[in-house]
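Data from target-v9.txt: compact mmCIF, C-alpha atoms
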```txt
# COMPACT_ATOMS: atom_id res chain seq x y z
CA MET A 1 0.00 0.00 0.00
CA LYS A 2 1.22 3.43 -0.94
CA PHE A 3 0.57 6.59 1.10
CA ASN A 4 0.33 10.11 -0.21
CA PHE A 5 2.31 12.89 1.43
CA LEU A 6 -0.47 13.87 3.87
CA GLN A 7 -1.02 10.27 4.98
CA GLN A 8 2.72 9.82 5.50
CA PHE A 9 2.83 13.00 7.62
CA PHE A 10 0.04 11.82 9.92
CA LEU A 11 1.58 8.34 10.20
CA MET A 12 4.94 9.78 11.21
CA THR A 13 3.23 12.08 13.74
CA ILE A 14 1.46 9.11 15.38
CA LEU A 15 4.64 7.03 15.49
CA PHE A 16 6.59 9.95 16.98
CA SER A 17 3.91 10.49 19.65
CA VAL A 18 3.88 6.81 20.60
CA GLY A 19 7.67 6.81 20.77
CA ALA A 20 7.67 9.92 22.94
CA VAL A 21 5.15 8.41 25.36
CA ALA A 22 7.10 5.18 25.53
CA GLN A 23 10.32 7.09 26.16
CA HIS A 24 8.70 9.15 28.93
CA LYS A 25 7.15 6.08 30.52
CA PHE A 26 10.48 4.29 30.74
CA VAL A 27 12.63 7.36 31.37
CA SER A 28 14.11 5.77 34.52
CA THR A 29 15.30 2.71 32.58
CA PRO A 30 19.04 2.93 31.77
CA PRO A 31 19.91 2.75 28.06
CA GLU A 32 20.97 -0.63 26.72
CA VAL A 33 24.08 0.97 25.31
CA SER A 34 25.78 3.84 27.14
CA PRO A 35 26.11 6.96 24.96
CA MET A 36 29.74 7.21 26.07
CA PRO A 37 32.29 5.07 27.90
CA MET A 38 31.77 5.69 31.63
CA LYS A 39 34.45 5.86 34.31
CA PRO A 40 33.78 5.79 38.09
CA GLU A 41 35.12 9.32 38.59
CA MET A 42 32.57 10.72 36.14
CA THR A 43 29.85 10.38 38.82
CA GLU A 44 31.92 11.74 41.72
CA ILE A 45 31.04 15.15 43.18
CA TRP A 46 34.04 16.96 44.68
CA GLU A 47 32.90 20.57 44.86
CA PRO A 48 31.67 22.17 46.97
CA GLU A 49 33.39 20.33 49.77
CA VAL A 50 31.09 19.36 52.65
CA LYS A 51 31.56 21.71 55.62
CA ILE A 52 33.20 20.18 58.68
CA ILE A 53 31.60 20.76 62.09
CA ALA A 54 32.32 19.28 65.52
CA PRO A 55 29.47 17.19 66.92
CA ALA A 56 28.71 17.48 70.63
CA LYS A 57 30.71 15.19 72.90
CA ILE A 58 27.59 14.67 75.01
CA LEU A 59 24.48 13.57 73.13
CA GLY A 60 21.95 16.40 73.02
CA ASN A 61 24.46 19.21 73.51
CA ALA A 62 24.96 21.78 70.79
CA PRO A 63 27.21 21.00 67.80
CA SER A 64 29.79 23.59 66.80
CA ASP A 65 27.61 25.34 64.20
CA ALA A 66 24.55 25.72 66.44
CA ILE A 67 23.21 28.93 67.96
CA VAL A 68 22.77 28.43 71.69
CA LEU A 69 19.48 30.02 72.71
CA PHE A 70 19.66 29.00 76.37
CA ASP A 71 22.38 27.28 78.38
CA GLY A 72 21.11 27.94 81.90
CA LYS A 73 23.13 31.09 82.51
CA ASN A 74 21.01 33.96 81.17
CA LEU A 75 18.06 34.94 78.98
CA ASP A 76 20.05 37.24 76.71
CA GLN A 77 18.65 35.61 73.55
CA TRP A 78 15.03 36.16 74.65
CA VAL A 79 12.62 39.07 75.16
CA SER A 80 9.00 39.50 76.15
CA LYS A 81 6.66 38.63 73.30
CA LYS A 82 4.10 41.30 74.16
CA ASP A 83 6.73 44.03 74.57
CA THR A 84 10.00 43.57 72.72
CA ASN A 85 11.56 46.39 74.75
CA ASN A 86 11.24 44.34 77.94
CA PRO A 87 13.44 41.36 78.88
CA ALA A 88 11.97 37.89 79.16
CA GLY A 89 9.99 37.69 82.40
CA TRP A 90 10.75 34.09 83.27
CA LYS A 91 13.20 33.07 85.99
CA ILE A 92 16.43 31.08 85.92
CA VAL A 93 16.79 28.32 88.52
CA ASP A 94 20.15 26.95 89.74
CA ASN A 95 21.96 28.16 86.60
CA ASP A 96 20.39 25.16 84.92
CA TYR A 97 16.90 25.82 83.61
CA MET A 98 14.35 28.57 83.10
CA GLU A 99 10.87 28.38 84.55
CA VAL A 100 7.68 30.06 83.37
CA VAL A 101 6.44 32.81 85.68
CA PRO A 102 2.67 32.48 85.19
CA GLY A 103 1.13 35.72 84.03
CA SER A 104 4.41 37.19 82.78
CA GLY A 105 3.54 36.33 79.18
CA ASP A 106 5.17 34.46 76.32
CA ILE A 107 8.82 34.94 75.45
CA LYS A 108 10.45 35.00 72.02
CA THR A 109 13.90 34.89 70.50
CA LYS A 110 15.63 38.08 69.43
CA MET A 111 16.76 36.34 66.24
CA LEU A 112 14.56 35.34 63.32
CA PHE A 113 14.47 31.82 61.88
CA GLY A 114 12.99 29.90 58.96
CA ASP A 115 14.15 26.39 58.09
CA CYS A 116 15.87 25.01 61.16
CA GLN A 117 16.86 22.15 63.43
CA LEU A 118 15.78 22.81 67.02
CA HIS A 119 16.78 20.99 70.19
CA LEU A 120 14.80 21.78 73.34
CA GLU A 121 14.43 20.04 76.70
CA TRP A 122 11.30 20.60 78.79
CA SER A 123 9.63 19.43 81.96
CA THR A 124 6.17 20.02 83.41
CA PRO A 125 5.50 21.03 87.06
CA ASP A 126 6.51 18.34 89.54
CA GLU A 127 3.26 18.70 91.47
CA VAL A 128 0.20 17.59 89.48
CA LEU A 129 -2.66 19.96 90.29
CA ASP A 130 -4.95 19.77 87.28
CA GLY A 131 -5.86 17.58 84.34
CA GLY A 132 -6.44 17.82 80.61
CA GLN A 133 -5.20 21.00 78.96
CA ALA A 134 -4.60 22.69 82.34
CA ARG A 135 -1.79 20.28 83.22
CA GLY A 136 1.64 21.60 82.30
CA ASN A 137 0.50 23.42 79.19
CA SER A 138 2.94 25.35 77.03
CA GLY A 139 4.12 25.30 73.44
CA VAL A 140 6.89 26.01 70.96
CA PHE A 141 5.83 28.33 68.12
CA PHE A 142 7.85 28.20 64.90
CA GLN A 143 7.92 31.51 63.04
CA ASN A 144 5.68 32.76 65.87
CA ARG A 145 2.70 30.98 64.24
CA TYR A 146 2.84 27.19 64.17
CA GLU A 147 2.67 25.40 67.52
CA LEU A 148 4.32 22.20 68.68
CA GLN A 149 2.37 21.42 71.84
CA ILE A 150 3.91 20.93 75.28
CA LEU A 151 1.72 19.25 77.89
CA ASP A 152 1.96 16.78 80.74
CA SER A 153 0.53 13.86 78.79
CA TYR A 154 1.71 11.24 81.30
CA ASN A 155 -1.49 9.45 82.36
CA ASN A 156 -3.47 12.49 81.26
CA ARG A 157 -6.12 11.99 78.58
CA THR A 158 -7.09 14.93 76.38
CA TYR A 159 -7.92 15.41 72.70
CA SER A 160 -5.25 13.71 70.60
CA ASN A 161 -4.30 16.74 68.53
CA GLY A 162 -3.81 18.72 71.75
CA GLN A 163 -1.55 16.38 73.69
CA ALA A 164 2.23 16.66 73.96
CA GLY A 165 3.93 16.21 70.60
CA SER A 166 0.92 17.30 68.58
CA ILE A 167 0.96 20.06 66.03
CA TYR A 168 -1.73 21.80 68.02
CA LYS A 169 -5.26 21.31 66.66
CA ASP A 170 -3.66 19.87 63.51
CA HIS A 171 -1.77 16.55 63.79
CA PRO A 172 -1.77 14.14 66.75
CA PRO A 173 1.61 12.53 67.48
CA LEU A 174 2.17 9.00 66.19
CA VAL A 175 2.69 7.76 69.77
CA ASN A 176 2.75 9.14 73.32
CA ALA A 177 6.40 8.97 74.48
CA VAL A 178 6.13 11.49 77.34
CA LYS A 179 8.03 10.90 80.58
CA THR A 180 6.77 11.58 84.12
CA PRO A 181 6.58 15.16 85.46
CA LEU A 182 9.73 14.46 87.50
CA GLU A 183 11.78 13.83 84.34
CA TRP A 184 13.00 15.88 81.40
CA ASN A 185 11.57 15.44 77.92
CA ILE A 186 13.58 16.15 74.78
CA TYR A 187 12.33 17.56 71.49
CA ASP A 188 14.49 17.30 68.38
CA VAL A 189 12.78 19.01 65.49
CA ILE A 190 13.40 19.53 61.77
CA TYR A 191 11.23 22.39 60.55
CA THR A 192 10.74 23.51 56.95
CA ALA A 193 9.19 26.96 56.59
CA PRO A 194 6.32 27.59 54.17
CA ARG A 195 6.98 29.11 50.77
CA PHE A 196 4.75 31.75 49.21
CA LYS A 197 4.10 32.88 45.65
CA ALA A 198 4.71 36.43 44.44
CA ASP A 199 1.03 37.23 44.99
CA GLY A 200 1.25 36.15 48.64
CA LYS A 201 -0.65 32.89 48.25
CA ILE A 202 0.77 29.67 49.67
CA ASP A 203 3.07 27.74 47.34
CA ALA A 204 4.40 25.04 49.66
CA PRO A 205 3.08 24.65 53.23
CA ALA A 206 5.34 24.26 56.26
CA ARG A 207 6.50 20.75 57.18
CA ILE A 208 7.82 19.31 60.44
CA THR A 209 9.52 16.20 61.76
CA VAL A 210 9.64 15.69 65.52
CA PHE A 211 11.44 13.26 67.79
CA LEU A 212 10.29 13.10 71.43
CA ASN A 213 12.78 11.38 73.73
CA GLY A 214 14.37 9.72 70.70
CA VAL A 215 11.04 8.45 69.32
CA LEU A 216 9.69 9.67 65.96
CA ILE A 217 6.28 11.23 66.63
CA GLN A 218 5.78 13.52 63.59
CA ASN A 219 7.09 12.20 60.28
CA ASN A 220 7.55 15.12 57.87
CA VAL A 221 3.90 16.14 58.23
CA THR A 222 2.33 19.11 56.50
CA ILE A 223 1.36 21.97 58.79
CA ASN A 224 -2.02 23.09 57.53
CA GLY A 225 -1.62 26.71 58.54
CA LEU A 226 -1.64 29.21 61.35
CA THR A 227 -2.33 27.56 64.74
CA LEU A 228 -5.85 28.49 65.84
CA TYR A 229 -7.75 27.45 68.97
CA THR A 230 -11.04 27.82 67.11
CA GLY A 231 -11.59 27.23 63.40
CA LEU A 232 -9.70 25.60 60.57
CA HIS A 233 -6.01 26.30 60.14
CA ASN A 234 -4.99 28.35 57.13
CA TYR A 235 -2.30 30.58 55.64
CA PRO A 236 -3.90 34.03 55.66
CA SER A 237 -0.83 35.98 54.59
CA SER A 238 2.72 35.49 53.39
CA HIS A 239 5.68 36.01 55.71
CA GLY A 240 9.40 35.46 56.00
CA ASP A 241 11.66 34.34 58.82
CA ASP A 242 10.32 35.07 62.28
CA VAL A 243 10.95 34.37 65.96
CA ILE A 244 10.71 31.15 67.94
CA SER A 245 8.36 31.75 70.86
CA LEU A 246 7.60 29.82 74.06
CA GLN A 247 4.18 29.99 75.65
CA ASP A 248 3.12 31.07 79.12
CA HIS A 249 -0.13 29.13 79.61
CA GLY A 250 -0.26 29.54 83.38
CA SER A 251 1.86 26.51 84.28
CA LYS A 252 5.34 26.57 85.80
CA ASN A 253 6.93 24.62 82.99
CA GLN A 254 10.71 24.39 82.78
CA PHE A 255 13.11 24.58 79.84
CA ARG A 256 16.81 23.94 79.39
CA ASN A 257 19.52 23.20 76.81
CA ILE A 258 17.93 25.00 73.84
CA TRP A 259 19.92 25.30 70.63
CA ILE A 260 19.11 25.78 66.97
CA ARG A 261 20.78 25.35 63.59
CA LYS A 262 19.69 27.36 60.55
CA LEU A 263 19.22 25.09 57.55
```
What does this structure look like when you write it as structure tokens?
Amino acid sequence: MKFNFLQQFFLMTILFSVGAVAQHKFVSTPPEVSPMPMKPEMTEIWEPEVKIIAPAKILGNAPSDAIVLFDGKNLDQWVSKKDTNNPAGWKIVDNDYMEVVPGSGDIKTKMLFGDCQLHLEWSTPDEVLDGGQARGNSGVFFQNRYELQILDSYNNRTYSNGQAGSIYKDHPPLVNAVKTPLEWNIYDVIYTAPRFKADGKIDAPARITVFLNGVLIQNNVTINGLTLYTGLHNYPSSHGDDVISLQDHGSKNQFRNIWIRKL
């Protein structure tokens, strides 16, 4: 059978399209014949050289490239959240930890942060006076907006997305790995800040991975927006780097050994 020019054109177009689809479908399949002779060094990356840092000698202490936000000695890296001109109103105990002074208000870092790795140790009041959300309540706010909940969740039932380790009113933790009020808990967090489009609308939401006492409790989850006590979370406006803040919720919670690495 012979084809005229127009028929040949359409036939070639169809064959090309099929070939293109097939090629795209199997794009991850290595070619049967390499386009060039390969040597091992052709897939080696030498530059830039990976930066050398000194890890902490004691597990949990700050590595050499971390910013120490609190080491028990002073609150120089913190100010009052409601009045930046005032120092943080919490107290330092035994040159070891800081304790919330109920009614003094939240505190926040002087520095601004976006993507980061945060290490923070916390403990709830030794004496158990209340239950539910009134028991050792506090929180860590990333970019002053997105809350990782702190609560005495040891033998203390409350709503799952409000217990310790939850992204408050958003994601419950995978498990409850909280220690007793007489012990210290450890958060190790990887936080990825949200990205916004030129028009201010959300492009990529914030994400967070959390280890509590060495146990994975949030596995790269999407933060669905601004932490709200009432209503659905959302991203109402674009923003850049912002402070880390700690919450005064009326409980004498304690914090120590806080450090952060910008990513």
Nearest to A:Asp96 among A:Ser138, A:Asn224, A:Thr109, A:Asn74, with distances taken over all atoms listed in the file: which residue is it?
-> A:Asn74
Using only C-alpha atoms, find the one residue out of A:Glu41, A:Asp248, A:Asp203, A:Asp241 that sits nearest to A:Lys110.
->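 Nearest candidate to A:Lys110 out of A:Glu41, A:Asp248, A:Asp203, A:Asp241: A:Asp241.
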Choose the residue, out of A:Asp71, A:Asp152, A:Asp199, A:Glu44, that has the smallest atom-to-atom separation from A:Ala177; count all atoms listed in the file.
->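 The closest residue to A:Ala177 is A:Asp152.
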Residue contacts of A:Leu228 (10 Å, all atoms listed in the file) excluding same-chain residues fewer than 2 positions away, as a PDB file with C-alpha atoms, in the frame of the given file:
```
ATOM      1  CA  ARG A 145       2.700  30.980  64.240  1.00  0.00           C
ATOM      2  CA  TYR A 146       2.840  27.190  64.170  1.00  0.00           C
ATOM      3  CA  GLU A 147       2.670  25.400  67.520  1.00  0.00           C
ATOM      4  CA  TYR A 168      -1.730  21.800  68.020  1.00  0.00           C
ATOM      5  CA  LYS A 169      -5.260  21.310  66.660  1.00  0.00           C
ATOM      6  CA  ASP A 170      -3.660  19.870  63.510  1.00  0.00           C
ATOM      7  CA  GLY A 225      -1.620  26.710  58.540  1.00  0.00           C
ATOM      8  CA  LEU A 226      -1.640  29.210  61.350  1.00  0.00           C
ATOM      9  CA  THR A 230     -11.040  27.820  67.110  1.00  0.00           C
ATOM     10  CA  GLY A 231     -11.590  27.230  63.400  1.00  0.00           C
ATOM     11  CA  LEU A 232      -9.700  25.600  60.570  1.00  0.00           C
ATOM     12  CA  HIS A 233      -6.010  26.300  60.140  1.00  0.00           C
ATOM     13  CA  ASN A 234      -4.990  28.350  57.130  1.00  0.00           C
TER      14      ASN A 234
END
```
Which residue out of A:Ile107, A:Val50, A:Ala164, A:Ile45 has the minimum interatomic distance to A:Gln218 when only C-alpha atoms are used?
-> A:Ala164
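Coordinates place atom CA of A:Thr192 at a distance of 22.0 Å from atom CA of A:Gln77.
You will find atom CA of A:Leu151 at 8.5 Å from atom CA of A:Ala134.
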What's the 12 Å shell around A:Gln133, counting all atoms listed in the file, without same-chain residues fewer than 3 positions away, as a ChimeraX atom specification?
-> /A:129-130,136-139,149-153,156-164,168,249-251
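One finds atom CA of A:Lys108 at 23.6 Å from atom CA of A:His171.
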Pick the closest to A:Trp122 from A:Val79, A:Met38, A:Val140, A:Ile186: which is it, counting all atoms listed in the file?
-> A:Ile186
Would you kindly return, as a list in words, each protein, DNA or RNA residue with an atom no farther than 12 Å from any atom of A:Ala198, considering only C-alpha atoms and excluding same-chain residues fewer than 3 positions away?
-> Arg195, Lys201, Ile202, Asp203, Ser237, Ser238 and His239 of chain A
